[in-house]
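Trainee: Pasting a structure below so you can have a look.
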Amino acid sequence: MNFSNRDLLTALYCFIAILGLILIGFAWYVWAQSEAAQEPFSYWVTAIVLLIVGIVLVMFGIETYIVRDDPDVWL
């Protein structure tokens, strides 16, 4: 099975977007755990960092889908 460079990049960009969704899910889980914690501030900081990184990864995946016909993106 020979994969072209475009197929591999498409799989990579899909994986990045899915990873962003997973990180957003982790952020939601950590935020929910902060309700029972004695020191919720550390949970909040962790959840906010995970949320920001997850949103950036999802936006990157959406942006690469929008410009999928641009030859500069797909080399």
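Each chain of the structure tokens is named A, B, ... in the order shown, its residues numbered from 1; ligands are numbered from 1 in display order.
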Give me every helix (DSSP H, G or I) residue in chain A, going by DSSP on the backbone, as number ranges by chain.

Mentor: A: 5-36, 40-66, 71-74

Trainee: Find the residues near Thr46 (chain A): any atom within 8 Å, counting only C-alpha atoms, skip ones fewer than 3 places away on the same chain, and give them as a PyMOL selection string.

Mentor: chain A and resi 27+30+42-43+49-50

Trainee: Work out how far CA of Ile24 (chain A) is from CA of Leu8 (chain A), in Å to one decimal.

Mentor: 24.5 Å

Trainee: So which residues touch Ile16 (chain A) within 9 Å, counting only C-alpha atoms, skipping near sequence neighbours fewer than 5 positions away, as a ChimeraX atom specification?

Mentor: /A:11,21,57-58,60-61

Trainee: What lies within 7 Å of Trp44 (chain A) using only C-alpha atoms, ignoring chain neighbours under 4 positions off, as a list in words?

Mentor: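 My list of contacting residues is Trp31, Ser34, Pro40 and Ile48 of chain A.
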
Trainee: Emit the selected residues as a compact mmCIF listing (two decimals), in the first residue's frame, including N, CA and C atoms.

Mentor:
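Okay, selection_35.txt is ready:
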```
# COMPACT_ATOMS: atom_id res chain seq x y z
N TRP A 31 -12.32 19.95 35.10
CA TRP A 31 -13.13 21.03 35.69
C TRP A 31 -14.21 20.44 36.60
N SER A 34 -12.94 19.46 39.99
CA SER A 34 -12.56 20.55 40.89
C SER A 34 -13.64 20.84 41.93
N PRO A 40 -9.22 23.76 44.55
CA PRO A 40 -9.71 23.70 43.17
C PRO A 40 -8.93 24.57 42.19
N ILE A 48 -8.16 24.99 32.18
CA ILE A 48 -8.08 26.12 31.25
C ILE A 48 -6.98 25.91 30.23
```

Trainee: Hey, can you check how far CA of Glu39 (chain A) sits from CA of Phe26 (chain A)?

Mentor: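 Straight-line distance from CA of Glu39 (chain A) to CA of Phe26 (chain A) works out to 18.5 Å.
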
Trainee: I'd like the interatomic distance between CA of Ser4 (chain A) and CA of Val67 (chain A), to a tenth of an Å.

Mentor: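 For CA of Ser4 (chain A) relative to CA of Val67 (chain A), the distance reads 18.4 Å.
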